[in-house]
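**Student:** Just run19.txt, nothing more (compact mmCIF, C-alpha atoms):
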```txt
# COMPACT_ATOMS: atom_id res chain seq x y z
CA MET A 1 -61.83 64.42 32.49
CA GLU A 2 -62.05 60.80 31.50
CA LEU A 3 -58.77 58.91 31.49
CA PRO A 4 -57.84 56.76 28.52
CA PRO A 5 -58.45 53.06 28.95
CA GLY A 6 -55.55 51.20 30.45
CA PRO A 7 -54.57 48.77 33.18
CA ARG A 8 -56.41 49.33 36.45
CA GLU A 9 -55.11 48.78 39.89
CA ASP A 10 -56.38 45.69 41.53
CA PRO A 11 -57.69 46.56 44.97
CA CYS A 12 -56.76 43.11 46.14
CA ALA A 13 -53.13 43.65 45.20
CA TRP A 14 -52.40 45.18 48.61
CA ASP A 15 -54.36 42.66 50.57
CA ASP A 16 -52.08 40.78 52.94
CA ASP A 17 -54.47 37.84 52.89
CA SER A 18 -54.12 37.30 49.14
CA ASP A 19 -52.73 33.99 47.84
CA PRO A 20 -48.94 33.97 47.28
CA GLU A 21 -47.66 33.93 43.72
CA PRO A 22 -46.98 30.40 42.45
CA GLU A 23 -43.30 29.47 42.36
CA PRO A 24 -41.85 29.17 38.84
CA ASP A 25 -41.77 25.72 37.34
CA PRO A 26 -38.04 24.64 37.24
CA ASP A 27 -38.52 22.70 34.00
CA ALA A 28 -40.19 25.63 32.29
CA GLN A 29 -37.53 27.97 33.67
CA ALA A 30 -34.70 25.76 32.35
CA GLU A 31 -36.39 25.47 28.96
CA ALA A 32 -36.81 29.26 28.74
CA TYR A 33 -33.23 29.81 29.85
CA VAL A 34 -31.76 27.44 27.26
CA SER A 35 -33.98 28.93 24.56
CA ARG A 36 -32.85 32.42 25.48
CA VAL A 37 -29.10 31.96 25.81
CA LEU A 38 -28.74 29.61 22.87
CA SER A 39 -30.82 31.51 20.35
CA PRO A 40 -28.90 33.54 17.73
CA PRO A 41 -28.16 37.09 18.92
CA GLN A 42 -30.45 39.76 17.48
CA PHE A 43 -28.44 42.81 16.59
CA GLY A 44 -29.81 46.32 16.22
CA LEU A 45 -32.59 45.98 18.83
CA ALA A 46 -33.00 48.74 21.38
CA PRO A 47 -32.21 47.71 24.97
CA LEU A 48 -35.15 46.86 27.16
CA ARG A 49 -36.22 49.68 29.46
CA ALA A 50 -38.24 49.65 32.63
CA PRO A 51 -41.79 50.99 32.23
CA PRO A 52 -42.21 54.60 33.45
CA LEU A 53 -43.68 55.17 36.89
CA SER A 54 -47.31 56.17 37.04
CA ALA A 55 -48.04 59.79 37.98
CA PRO A 56 -49.33 59.06 41.49
CA ALA A 57 -46.28 56.99 42.33
CA ALA A 58 -43.90 59.56 40.85
CA PHE A 59 -45.14 62.50 42.91
CA SER A 60 -46.51 60.93 46.04
CA GLY A 61 -43.18 61.09 47.81
CA ALA A 62 -43.24 57.37 48.43
CA PRO A 63 -39.77 55.75 48.55
CA GLU A 64 -38.62 54.09 45.36
CA PRO A 65 -38.61 50.29 45.43
CA ARG A 66 -35.25 48.65 46.03
CA THR A 67 -33.64 47.38 42.84
CA THR A 68 -32.39 44.27 44.59
CA SER A 69 -35.83 42.92 45.47
CA LYS A 70 -37.17 41.17 42.40
CA GLY A 71 -39.88 38.59 42.79
CA PRO A 72 -40.20 36.31 45.78
CA SER A 73 -37.37 36.16 48.24
CA VAL A 74 -37.35 32.37 48.17
CA GLU A 75 -34.33 31.04 46.20
CA VAL A 76 -35.52 29.40 43.00
CA PRO A 77 -33.50 26.53 41.48
CA GLY A 78 -32.09 27.30 38.03
CA LEU A 79 -30.37 25.47 35.22
CA LEU A 80 -26.91 26.02 36.65
CA SER A 81 -27.94 24.36 39.91
CA LEU A 82 -28.25 21.05 38.08
CA PRO A 83 -25.47 18.48 38.52
CA PRO A 84 -22.72 18.64 35.85
CA GLU A 85 -23.83 15.26 34.54
CA LEU A 86 -27.27 16.65 33.67
CA LEU A 87 -25.78 19.77 32.12
CA LEU A 88 -23.59 17.56 29.93
CA GLU A 89 -26.64 15.53 28.98
CA ILE A 90 -28.40 18.71 27.86
CA CYS A 91 -25.31 19.84 25.93
CA ALA A 92 -25.16 16.46 24.17
CA TYR A 93 -28.29 17.41 22.23
CA LEU A 94 -26.75 20.66 21.00
CA ASP A 95 -24.39 21.16 18.08
CA ALA A 96 -20.78 20.75 19.21
CA ARG A 97 -19.67 24.01 17.58
CA LEU A 98 -22.41 25.90 19.40
CA VAL A 99 -21.44 24.34 22.72
CA LEU A 100 -17.78 25.21 22.20
CA HIS A 101 -18.15 28.78 20.91
CA VAL A 102 -21.40 30.09 22.45
CA LEU A 103 -21.91 28.58 25.90
CA PRO A 104 -18.59 29.90 27.32
CA ARG A 105 -19.94 33.43 26.75
CA VAL A 106 -22.98 32.84 28.97
CA CYS A 107 -21.35 32.49 32.35
CA ARG A 108 -18.23 31.27 34.10
CA ALA A 109 -19.79 27.97 35.21
CA LEU A 110 -20.66 26.96 31.64
CA ARG A 111 -17.29 28.22 30.42
CA ASP A 112 -15.43 25.99 32.89
CA LEU A 113 -17.61 23.02 32.01
CA VAL A 114 -17.13 23.46 28.26
CA ARG A 115 -13.37 24.05 28.45
CA ASP A 116 -12.75 20.83 30.36
CA HIS A 117 -11.28 18.36 27.85
CA VAL A 118 -12.71 15.45 29.84
CA THR A 119 -16.13 16.76 28.81
CA TRP A 120 -15.22 16.44 25.14
CA ARG A 121 -13.52 13.09 25.55
CA LEU A 122 -16.66 11.64 27.12
CA ARG A 123 -18.77 13.19 24.37
CA ALA A 124 -16.59 11.71 21.61
CA GLN A 125 -16.57 8.25 23.18
CA ARG A 126 -20.33 8.39 23.51
CA ARG A 127 -20.63 9.16 19.79
CA VAL A 128 -18.32 6.45 18.44
CA ARG A 129 -18.57 3.80 21.18
CA ALA A 130 -15.15 2.39 20.28
CA PRO A 131 -11.52 3.06 21.25
CA TYR A 132 -10.58 6.49 19.89
CA PRO A 133 -8.15 7.82 18.79
CA VAL A 134 -6.06 4.93 17.53
CA VAL A 135 -2.87 6.69 18.65
CA GLU A 136 -3.13 8.17 22.13
CA GLU A 137 -1.47 11.54 22.60
CA GLU A 138 -1.21 13.82 25.60
CA ASP A 139 -2.28 17.06 23.90
CA PHE A 140 -4.99 15.58 21.66
CA ASP A 141 -7.46 18.29 20.57
CA TRP A 142 -10.66 16.72 21.88
CA PRO A 143 -13.00 19.65 21.11
CA ALA A 144 -11.86 19.87 17.47
CA ALA A 145 -11.97 16.09 17.10
CA CYS A 146 -15.48 15.93 18.54
CA ILE A 147 -16.75 18.64 16.19
CA GLU A 148 -15.28 16.86 13.17
CA LEU A 149 -16.54 13.45 14.28
CA GLU A 150 -20.11 14.66 14.68
CA GLN A 151 -20.00 16.54 11.38
CA HIS A 152 -18.61 13.48 9.59
CA LEU A 153 -21.27 11.17 11.07
CA SER A 154 -24.03 13.63 10.17
CA ARG A 155 -22.85 14.14 6.59
CA TRP A 156 -22.66 10.42 5.84
CA ALA A 157 -25.75 9.38 7.82
CA GLU A 158 -28.08 6.84 6.22
CA ASP A 159 -25.34 5.59 3.90
CA GLY A 160 -24.63 9.09 2.61
CA ARG A 161 -28.07 9.65 1.10
CA TRP A 162 -27.81 13.42 1.68
CA ALA A 163 -24.49 13.82 -0.16
CA GLU A 164 -24.74 15.38 -3.63
CA TYR A 165 -22.92 13.37 -6.29
CA PHE A 166 -21.33 14.69 -9.50
CA CYS A 167 -19.37 12.89 -12.21
CA LEU A 168 -16.95 15.12 -14.12
CA ALA A 169 -16.28 13.04 -17.23
CA ASP A 170 -15.42 15.73 -19.78
CA GLY A 171 -11.84 16.87 -19.34
CA HIS A 172 -9.41 13.97 -19.60
CA PHE A 173 -9.05 11.26 -22.23
CA ALA A 174 -6.92 8.88 -20.14
CA SER A 175 -6.84 7.53 -16.60
CA ILE A 176 -6.73 10.15 -13.81
CA ASP A 177 -4.05 9.23 -11.27
CA SER A 178 -3.94 12.18 -8.88
CA VAL A 179 -6.33 14.77 -7.48
CA LEU A 180 -5.83 17.80 -5.24
CA LEU A 181 -8.33 20.18 -3.62
CA LEU A 182 -7.37 23.82 -3.08
CA GLN A 183 -8.76 26.87 -1.30
CA GLY A 184 -11.05 24.99 1.03
CA GLY A 185 -12.42 22.77 -1.72
CA THR A 186 -13.47 25.52 -4.12
CA LEU A 187 -10.83 24.58 -6.72
CA CYS A 188 -9.55 21.19 -7.82
CA LEU A 189 -6.55 19.97 -9.82
CA SER A 190 -6.39 16.61 -11.56
CA GLY A 191 -3.37 14.89 -13.10
CA SER A 192 -3.82 12.31 -15.84
CA ARG A 193 -2.04 9.90 -18.13
CA ASP A 194 -3.12 12.19 -20.97
CA ARG A 195 -0.20 14.37 -19.66
CA ASN A 196 -2.49 17.20 -18.59
CA VAL A 197 -3.13 18.95 -15.28
CA ASN A 198 -6.68 20.27 -15.35
CA LEU A 199 -8.07 23.05 -13.18
CA TRP A 200 -11.70 22.75 -12.04
CA ASP A 201 -13.94 25.32 -10.33
CA LEU A 202 -16.16 23.28 -8.02
CA ARG A 203 -18.22 26.34 -7.09
CA GLN A 204 -19.94 25.89 -10.45
CA LEU A 205 -21.22 22.39 -9.65
CA GLY A 206 -24.95 22.34 -10.27
CA VAL A 207 -24.86 26.01 -11.30
CA GLU A 208 -22.96 26.35 -14.57
CA PRO A 209 -21.79 22.85 -15.59
CA SER A 210 -19.99 24.19 -18.67
CA ARG A 211 -17.80 26.38 -16.44
CA VAL A 212 -16.66 23.68 -14.00
CA LEU A 213 -13.63 22.81 -16.18
CA VAL A 214 -11.54 25.98 -16.31
CA LYS A 215 -8.48 24.96 -18.34
CA ALA A 216 -5.41 22.74 -18.60
CA LEU A 217 -2.36 24.27 -16.96
CA GLY A 218 0.65 25.23 -19.07
CA ALA A 219 1.41 27.08 -22.26
CA GLN A 220 1.97 23.96 -24.39
CA LYS A 221 -0.69 23.33 -26.99
CA ASN A 222 -1.44 19.67 -26.34
CA SER A 223 -0.34 18.87 -22.79
CA THR A 224 0.96 20.20 -19.49
CA HIS A 225 3.82 17.66 -19.32
CA LYS A 226 5.55 15.34 -21.75
CA GLY A 227 4.72 12.28 -19.68
CA TRP A 228 2.02 10.93 -17.39
CA VAL A 229 1.19 13.25 -14.48
CA TRP A 230 1.60 11.07 -11.42
CA SER A 231 1.51 13.41 -8.41
CA LEU A 232 0.28 16.81 -7.20
CA ALA A 233 1.15 18.80 -4.09
CA ALA A 234 0.48 22.31 -2.79
CA LEU A 235 1.77 24.83 -0.26
CA ASP A 236 -0.46 27.88 0.13
CA HIS A 237 -1.10 29.15 -3.43
CA ARG A 238 1.88 27.32 -4.96
CA VAL A 239 1.34 23.96 -6.64
CA CYS A 240 3.76 21.43 -8.08
CA SER A 241 3.02 18.61 -10.52
CA GLY A 242 5.29 15.59 -10.93
CA SER A 243 5.47 13.65 -14.17
CA TRP A 244 7.08 10.62 -15.77
CA ASP A 245 8.97 13.08 -17.99
CA SER A 246 11.34 13.50 -14.97
CA THR A 247 10.23 17.07 -14.28
CA VAL A 248 8.38 18.87 -11.53
CA LYS A 249 6.58 22.00 -12.69
CA LEU A 250 5.62 24.82 -10.35
CA TRP A 251 2.36 26.78 -10.66
CA ASP A 252 1.12 29.97 -9.01
CA MET A 253 -2.62 29.67 -8.38
CA ALA A 254 -2.73 33.29 -7.16
CA ALA A 255 -1.69 34.27 -10.70
CA ASP A 256 -4.37 32.25 -12.51
CA GLY A 257 -2.23 29.10 -12.58
CA GLN A 258 0.78 30.58 -14.35
CA GLN A 259 3.99 28.51 -14.34
CA PHE A 260 6.81 30.07 -12.35
CA GLY A 261 9.43 27.33 -12.32
CA GLU A 262 10.53 23.86 -13.34
CA ILE A 263 12.75 21.29 -11.67
CA LYS A 264 14.57 18.79 -13.89
CA SER A 265 16.71 15.79 -13.12
CA GLY A 266 20.26 16.41 -14.22
CA PRO A 267 23.43 18.29 -13.35
CA ALA A 268 21.46 21.10 -11.69
CA LEU A 269 20.07 18.70 -9.09
CA LEU A 270 21.15 19.89 -5.63
CA LYS A 271 21.07 16.59 -3.79
CA SER A 272 20.10 12.98 -4.43
CA ARG A 273 19.58 10.18 -1.93
CA ARG A 274 19.09 6.57 -2.89
CA LEU A 275 17.00 5.32 0.03
CA HIS A 276 15.28 2.39 -1.66
CA SER A 277 16.16 -0.47 -3.95
CA SER A 278 12.94 -0.18 -5.96
CA ALA A 279 10.34 2.38 -7.02
CA VAL A 280 9.10 4.94 -4.47
CA LEU A 281 5.30 4.75 -4.56
CA ALA A 282 4.29 6.98 -1.63
CA LEU A 283 5.94 10.15 -0.36
CA LEU A 284 5.27 12.70 2.38
CA ALA A 285 7.30 15.54 3.83
CA ASP A 286 7.12 18.20 6.55
CA ASP A 287 9.71 20.57 8.01
CA ARG A 288 11.33 17.73 9.96
CA HIS A 289 10.89 14.47 8.02
CA ILE A 290 10.70 12.96 4.56
CA ILE A 291 8.72 9.71 4.67
CA SER A 292 8.81 7.35 1.71
CA GLY A 293 7.20 3.99 0.99
CA SER A 294 8.62 1.76 -1.71
CA GLU A 295 7.99 -1.35 -3.72
CA ASP A 296 10.99 -2.81 -1.87
CA HIS A 297 8.59 -3.34 1.10
CA THR A 298 10.19 -0.68 3.30
CA LEU A 299 9.17 2.60 4.87
CA VAL A 300 12.06 5.05 5.28
CA VAL A 301 11.99 8.06 7.60
CA PHE A 302 14.61 10.64 6.64
CA ASP A 303 15.59 13.35 9.12
CA ARG A 304 15.98 16.58 7.12
CA ARG A 305 17.76 18.45 9.91
CA ALA A 306 20.32 15.74 10.59
CA ASN A 307 20.55 14.89 6.87
CA SER A 308 20.42 11.18 7.62
CA VAL A 309 18.10 8.19 7.66
CA LEU A 310 16.28 8.07 10.96
CA GLN A 311 14.51 4.74 10.48
CA ARG A 312 14.00 1.97 7.97
CA LEU A 313 10.92 -0.14 8.71
CA GLN A 314 9.80 -3.35 7.08
CA VAL A 315 6.17 -3.12 6.00
CA GLY A 316 3.69 -5.94 6.45
CA PRO A 317 1.21 -7.43 8.89
CA PRO A 318 2.59 -9.37 11.88
CA GLN A 319 3.10 -13.01 11.02
CA GLY A 320 0.45 -15.31 12.39
CA LEU A 321 -2.32 -12.73 12.02
CA GLU A 322 -3.21 -13.39 8.40
CA GLY A 323 -6.76 -13.13 7.11
CA PRO A 324 -9.64 -10.63 7.34
CA GLY A 325 -10.46 -8.68 10.45
CA LEU A 326 -8.37 -6.70 12.87
CA HIS A 327 -4.61 -7.12 12.99
CA VAL A 328 -2.87 -5.80 16.09
CA ALA A 329 0.85 -5.01 16.10
CA GLN A 330 2.72 -4.50 19.33
CA PRO A 331 4.10 -0.95 19.53
CA GLU A 332 7.67 -2.12 20.08
CA LEU A 333 7.67 -4.33 16.96
CA LEU A 334 9.43 -2.34 14.21
CA TYR A 335 10.15 -5.05 11.61
CA PRO A 336 13.90 -4.56 11.14
CA SER A 337 15.20 -4.84 7.61
CA SER A 338 16.96 -8.09 8.49
CA LEU A 339 13.60 -9.87 8.47
CA PRO A 340 12.58 -11.60 5.22
CA GLN A 341 10.54 -9.38 2.93
CA LEU A 342 6.78 -9.80 3.00
CA ASP A 343 4.25 -9.39 0.21
CA SER A 344 3.03 -6.00 1.37
CA TYR A 345 4.23 -2.55 0.31
CA LEU A 346 2.74 0.91 0.72
CA LEU A 347 0.93 2.77 -2.05
CA CYS A 348 -0.49 5.82 -0.23
CA MET A 349 -0.07 7.70 3.03
CA SER A 350 -1.80 10.41 5.08
CA TYR A 351 0.05 12.11 7.93
CA GLN A 352 -1.26 14.30 10.73
CA GLU A 353 1.28 14.29 13.52
CA PRO A 354 1.67 12.01 15.37
CA GLN A 355 -0.48 9.60 13.29
CA LEU A 356 0.65 8.19 9.95
CA TRP A 357 -1.99 6.15 8.13
CA ALA A 358 -0.95 4.12 5.07
CA GLY A 359 -2.62 1.74 2.62
CA ASP A 360 -0.84 -1.21 1.01
CA ASN A 361 -1.12 -3.43 -2.05
CA GLN A 362 -2.99 -6.11 -0.10
CA GLY A 363 -5.91 -3.87 0.88
CA LEU A 364 -4.71 -3.36 4.46
CA LEU A 365 -4.35 -0.16 6.48
CA HIS A 366 -1.30 0.40 8.68
CA VAL A 367 -1.13 2.99 11.45
CA PHE A 368 2.23 4.32 12.64
CA ALA A 369 2.79 6.59 15.62
CA ASN A 370 5.51 9.22 15.80
CA ARG A 371 6.68 8.96 19.39
CA GLU A 372 9.45 11.40 20.21
CA GLY A 373 10.88 11.18 16.72
CA CYS A 374 10.56 7.40 16.43
CA PHE A 375 7.89 5.94 14.15
CA GLN A 376 6.30 2.76 15.42
CA LEU A 377 3.75 0.48 13.79
CA VAL A 378 0.87 0.22 16.26
CA ARG A 379 -2.06 -1.22 14.30
CA THR A 380 -2.91 -2.97 11.04
CA PHE A 381 -6.55 -3.12 9.91
CA ASP A 382 -8.62 -4.88 7.29
CA VAL A 383 -11.36 -2.38 6.35
CA GLY A 384 -12.97 -4.52 3.65
CA HIS A 385 -11.04 -3.67 0.47
CA ARG A 386 -10.39 -6.70 -1.73
CA SER A 387 -7.31 -5.30 -3.48
CA GLN A 388 -4.83 -2.41 -3.39
CA ILE A 389 -5.63 0.70 -1.40
CA THR A 390 -4.70 3.49 -3.79
CA GLY A 391 -5.77 6.56 -1.82
CA ILE A 392 -6.20 7.53 1.81
CA LYS A 393 -7.26 10.69 3.61
CA HIS A 394 -7.19 10.76 7.41
CA SER A 395 -8.06 13.61 9.76
CA LEU A 396 -9.10 13.97 13.39
CA GLY A 397 -12.64 12.75 12.80
CA ALA A 398 -12.78 11.30 9.29
CA LEU A 399 -11.18 8.57 7.18
CA TYR A 400 -11.57 7.89 3.44
CA THR A 401 -10.03 5.12 1.32
CA THR A 402 -10.11 4.23 -2.38
CA SER A 403 -9.08 0.99 -4.02
CA THR A 404 -8.60 -0.85 -7.28
CA ASP A 405 -11.58 -2.95 -6.13
CA LYS A 406 -13.61 -0.01 -7.58
CA THR A 407 -14.90 1.27 -4.24
CA ILE A 408 -14.56 4.31 -2.06
CA ARG A 409 -15.13 3.65 1.61
CA VAL A 410 -15.99 6.18 4.29
CA HIS A 411 -14.91 5.30 7.84
CA VAL A 412 -14.83 6.62 11.37
CA PRO A 413 -11.13 6.51 12.46
CA THR A 414 -11.69 4.36 15.54
CA ASP A 415 -9.87 1.19 16.62
CA PRO A 416 -10.83 -0.67 14.47
CA PRO A 417 -12.22 1.77 11.85
CA ARG A 418 -15.99 1.60 11.39
CA THR A 419 -17.16 1.81 7.78
CA ILE A 420 -20.28 3.99 7.50
CA CYS A 421 -20.63 4.26 3.73
CA THR A 422 -19.40 2.42 0.62
CA ARG A 423 -19.70 3.67 -2.95
CA SER A 424 -19.04 1.38 -5.91
CA HIS A 425 -17.69 2.64 -9.23
CA HIS A 426 -17.47 1.19 -12.72
CA ASN A 427 -13.67 1.46 -12.80
CA VAL A 428 -10.67 1.45 -10.47
CA LEU A 429 -10.18 4.46 -8.19
CA ASN A 430 -6.65 5.85 -8.02
CA GLY A 431 -6.73 8.42 -5.23
CA ILE A 432 -8.83 10.64 -3.02
CA CYS A 433 -8.80 14.12 -1.55
CA ALA A 434 -11.16 15.72 0.99
CA GLU A 435 -11.31 19.34 2.07
CA GLY A 436 -14.11 21.52 3.36
CA ASN A 437 -17.37 19.88 2.32
CA LEU A 438 -15.95 18.34 -0.89
CA VAL A 439 -14.67 14.81 -1.46
CA VAL A 440 -13.10 14.00 -4.84
CA ALA A 441 -11.83 10.65 -6.13
CA ALA A 442 -9.65 10.09 -9.22
CA SER A 443 -10.99 7.42 -11.53
CA GLY A 444 -9.34 5.14 -14.02
CA GLY A 445 -12.52 5.63 -16.03
CA LEU A 446 -11.41 9.13 -17.14
CA SER A 447 -13.61 10.96 -14.64
CA LEU A 448 -13.55 12.76 -11.32
CA GLU A 449 -16.07 11.46 -8.78
CA VAL A 450 -17.24 14.32 -6.58
CA TRP A 451 -19.39 14.37 -3.45
CA ARG A 452 -20.59 17.66 -2.01
CA LEU A 453 -21.56 17.25 1.63
CA GLN A 454 -23.79 19.29 3.87
CA ALA A 455 -21.97 22.46 4.92
```
Just give me the structure as structure tokens.
**Tutor:**
Amino acid sequence: MELPPGPREDPCAWDDDSDPEPEPDPDAQAEAYVSRVLSPPQFGLAPLRAPPLSAPAAFSGAPEPRTTSKGPSVEVPGLLSLPPELLLEICAYLDARLVLHVLPRVCRALRDLVRDHVTWRLRAQRRVRAPYPVVEEEDFDWPAACIELEQHLSRWAEDGRWAEYFCLADGHFASIDSVLLLQGGTLCLSGSRDRNVNLWDLRQLGVEPSRVLVKALGAQKNSTHKGWVWSLAALDHRVCSGSWDSTVKLWDMAADGQQFGEIKSGPALLKSRRLHSSAVLALLADDRHIISGSEDHTLVVFDRRANSVLQRLQVGPPQGLEGPGLHVAQPELLYPSSLPQLDSYLLCMSYQEPQLWAGDNQGLLHVFANREGCFQLVRTFDVGHRSQITGIKHSLGALYTTSTDKTIRVHVPTDPPRTICTRSHHNVLNGICAEGNLVVAASGGLSLEVWRLQA
């Protein structure tokens, strides 16, 4: 009976005088290894199985081959035999998120290499090539910072040519002074001098333009407040709006933006503290501190637990360092209130412990460090704004500023900050918010300026 066609035994296969198999090429082996372990997992595939033994081998009584003898007995160099420096060089060409979340699953050696924070510190410094971060801290999250840095640099590469731009001009009929992103950047709130708080659905950008503006919050017919809406803040799904009508209104975004409370100045006020001699223009709070910047040229740190003023700092660049460029303040210099007042006062702040970044009315950025409960001015920078800095957003790997000079500037938060993109506008910009892949600026020209970045 004729056998079906198939592979035939090579009579030379058992010849002891045959040429030895060529050793694998290390470069090809490394390339195949990286391609295999770093490719996306394919789910639902059946596991690979060894081919069945041929009939003669199965019934000849010959001993089964040992499972431990695979290929030549000579030890072949592999990817993991490379020096750590070369492994890091290979990893530098891979996405930081992939390196952090995938490589540790391959083997213990790669896991130990990836989990070493020195690895990430070197990677971050290689990317920015400048002192980073501005405020040194012992438990700095280098992996998270590196991921955000690389994402930020990629999104704004080539002067931000890949960022989608939208102008939302139909919604307010007066200057917009505050903006707030919610739910990872899917929703946006804007507060205006037309007394309204508008809700926007940014998921509809470029899809259904007529559905981007959802509504104005509140049950009143003409406006949300009875005065200009000056500030917005959120905690989870709860939002508060502050107005010149001396009220703070509370909104539940989980209930379609329904109002659930109102705070008024008056006899019902629980507590009042007069911490400044002039208007408070910038305010931040966490579970420990209330931080306020005022037109009286001071920054006050209030300790909520001790119910007392922790610090009162005079705001302004060190004397003798006037002019454009980098201004360096010694960490121990706190500008006591006994010093004569300077021309600078804070208009906006962004706080991610232990770094407090603030912009002033002279176009300068000030960086304070919270060191064991004591805020210290460590740096003052000129980032190129020609007038007041009205909005600032700082995070581990990104920095945004807006100004009355009609520009938004995108920076890398190094020492000094490196500006990687500048966008000019036809009117003053009054604030900025960034979350997820959305950046939104409030315009005095009655519009919201929106940039949607690469996800």
**Student:** Applying 12 Å and all atoms listed in the file, which residues near Leu189 (chain A) remain after dropping the ones on its own chain fewer than 3 positions away? List them as an MDAnalysis selection string.
**Tutor:** chainID A and resid 171:172 176:183 185:186 192 196:202 212:217 229 231:234 239:241 251 253 257 432:433 440:442 448
**Student:** Between A:Gly206, A:Glu164, A:Gly191, A:Val428, which is the closest to Val450 (chain A) once you count all atoms listed in the file?
**Tutor:**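 Going through A:Gly206, A:Glu164, A:Gly191, A:Val428 one by one, the smallest distance to Val450 (chain A) is for A:Glu164.
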**Student:** Would you mind telling me which residue in A:Cys188, A:Ala92, A:Ala174, A:Val248 lies nearest to Gln204 (chain A) when using all atoms listed in the file?
**Tutor:**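 Of A:Cys188, A:Ala92, A:Ala174, A:Val248, the one nearest Gln204 (chain A), counting all atoms listed in the file, is A:Cys188.
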**Student:** Name the closest residue to Arg123 (chain A) among the candidates A:Leu149, A:Leu98, A:Cys348, A:Phe140; distances are taken between atoms, counting only C-alpha atoms.
**Tutor:**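 Using only C-alpha atoms, Arg123 (chain A) sits closest to A:Leu149.
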**Student:** Have a look at CA of Tyr345 (chain A) and CA of Gln362 (chain A) and let me know their distance in Å, one decimal.
**Tutor:** 8.1 Å
**Student:** Residues at most 9 Å from Ala144 (chain A), counting all atoms listed in the file, excluding those fewer than 4 positions away in the same chain, as a PyMOL selection string?
**Tutor:** chain A and resi 97+148-149+396-397
**Student:** Restricting it to C-alpha atoms, dump the selection as a short mmCIF file (atom, residue, chain, number, x, y, z; two decimals), in the frame of the given file.
**Tutor:**
```
data_model
loop_
_atom_site.label_atom_id
_atom_site.label_comp_id
_atom_site.auth_asym_id
_atom_site.auth_seq_id
_atom_site.Cartn_x
_atom_site.Cartn_y
_atom_site.Cartn_z
CA ARG A 97 -19.67 24.01 17.58
CA GLU A 148 -15.28 16.86 13.17
CA LEU A 149 -16.54 13.45 14.28
CA LEU A 396 -9.10 13.97 13.39
CA GLY A 397 -12.64 12.75 12.80
#
```
**Student:** Which is closer to Gly445 (chain A) than all the others in A:Ala169, A:Leu377, A:Leu310, A:Leu88, using all atoms listed in the file?
**Tutor:**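 Of the candidates, the smallest distance to Gly445 (chain A) is held by A:Ala169.
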**Student:** Just to confirm, what's the straight-line distance from CA of Leu205 (chain A) to CA of Trp451 (chain A) in Å (one decimal)?
**Tutor:**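 Separation of CA of Leu205 (chain A) and CA of Trp451 (chain A): 10.3 Å.
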**Student:** At a cut-off of 12 Å around the point (8.2, 10.2, 17.0) (file coordinates), what residues fall inside when counting all atoms listed in the file? I'd like the answer as a PyMOL selection string.
**Tutor:** chain A and resi 135+137+288-289+301+303+310-311+353-356+368-377
**Student:** Please list as a compact mmCIF listing (two decimals) with C-alpha atoms, in the frame of the given file every residue within 9 Å of region 405-419 of chain A, counting all atoms listed in the file and excluding residues in the same chain fewer than 5 positions away.
**Tutor:**
```
# COMPACT_ATOMS: atom_id res chain seq x y z
CA VAL A 128 -18.32 6.45 18.44
CA ARG A 129 -18.57 3.80 21.18
CA ALA A 130 -15.15 2.39 20.28
CA PRO A 131 -11.52 3.06 21.25
CA TYR A 132 -10.58 6.49 19.89
CA PRO A 133 -8.15 7.82 18.79
CA VAL A 134 -6.06 4.93 17.53
CA LEU A 149 -16.54 13.45 14.28
CA HIS A 152 -18.61 13.48 9.59
CA LEU A 153 -21.27 11.17 11.07
CA TRP A 156 -22.66 10.42 5.84
CA GLY A 325 -10.46 -8.68 10.45
CA LEU A 326 -8.37 -6.70 12.87
CA ARG A 379 -2.06 -1.22 14.30
CA THR A 380 -2.91 -2.97 11.04
CA PHE A 381 -6.55 -3.12 9.91
CA ASP A 382 -8.62 -4.88 7.29
CA VAL A 383 -11.36 -2.38 6.35
CA GLY A 384 -12.97 -4.52 3.65
CA HIS A 385 -11.04 -3.67 0.47
CA ARG A 386 -10.39 -6.70 -1.73
CA SER A 387 -7.31 -5.30 -3.48
CA GLN A 388 -4.83 -2.41 -3.39
CA ILE A 389 -5.63 0.70 -1.40
CA HIS A 394 -7.19 10.76 7.41
CA SER A 395 -8.06 13.61 9.76
CA LEU A 396 -9.10 13.97 13.39
CA GLY A 397 -12.64 12.75 12.80
CA ALA A 398 -12.78 11.30 9.29
CA LEU A 399 -11.18 8.57 7.18
CA TYR A 400 -11.57 7.89 3.44
CA SER A 424 -19.04 1.38 -5.91
CA HIS A 425 -17.69 2.64 -9.23
CA HIS A 426 -17.47 1.19 -12.72
CA ASN A 427 -13.67 1.46 -12.80
CA VAL A 428 -10.67 1.45 -10.47
CA LEU A 429 -10.18 4.46 -8.19
CA ILE A 432 -8.83 10.64 -3.02
CA ALA A 441 -11.83 10.65 -6.13
CA SER A 443 -10.99 7.42 -11.53
```
**Student:** Show which residues sit within 7 Å of Met349 (chain A), as a list in words. Count all atoms listed in the file, and ignore same-chain residues fewer than 2 positions away.
**Tutor:**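 The neighbour list is Ala282, Tyr351, Leu356, Trp357, Ala358, Gly359 and Ile392 of chain A.
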**Student:** Using all atoms listed in the file, can you tell me which of A:Val315, A:Ser223, A:Arg452, A:Gly160 comes closest to Ser292 (chain A)?
**Tutor:**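 When distances to Ser292 (chain A) are compared using all atoms listed in the file, the smallest one comes from A:Val315.
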**Student:** Which residues are close to Arg195 (chain A), i.e. within 9 Å by only C-alpha atoms, leaving aside same-chain residues fewer than 5 positions away? Reply as a list in words.
**Tutor:**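 After dropping sequence-adjacent residues, the list is Ala174, Asn222, Ser223, Thr224, His225, Lys226, Gly227, Trp228, Val229 and Ser243 of chain A.
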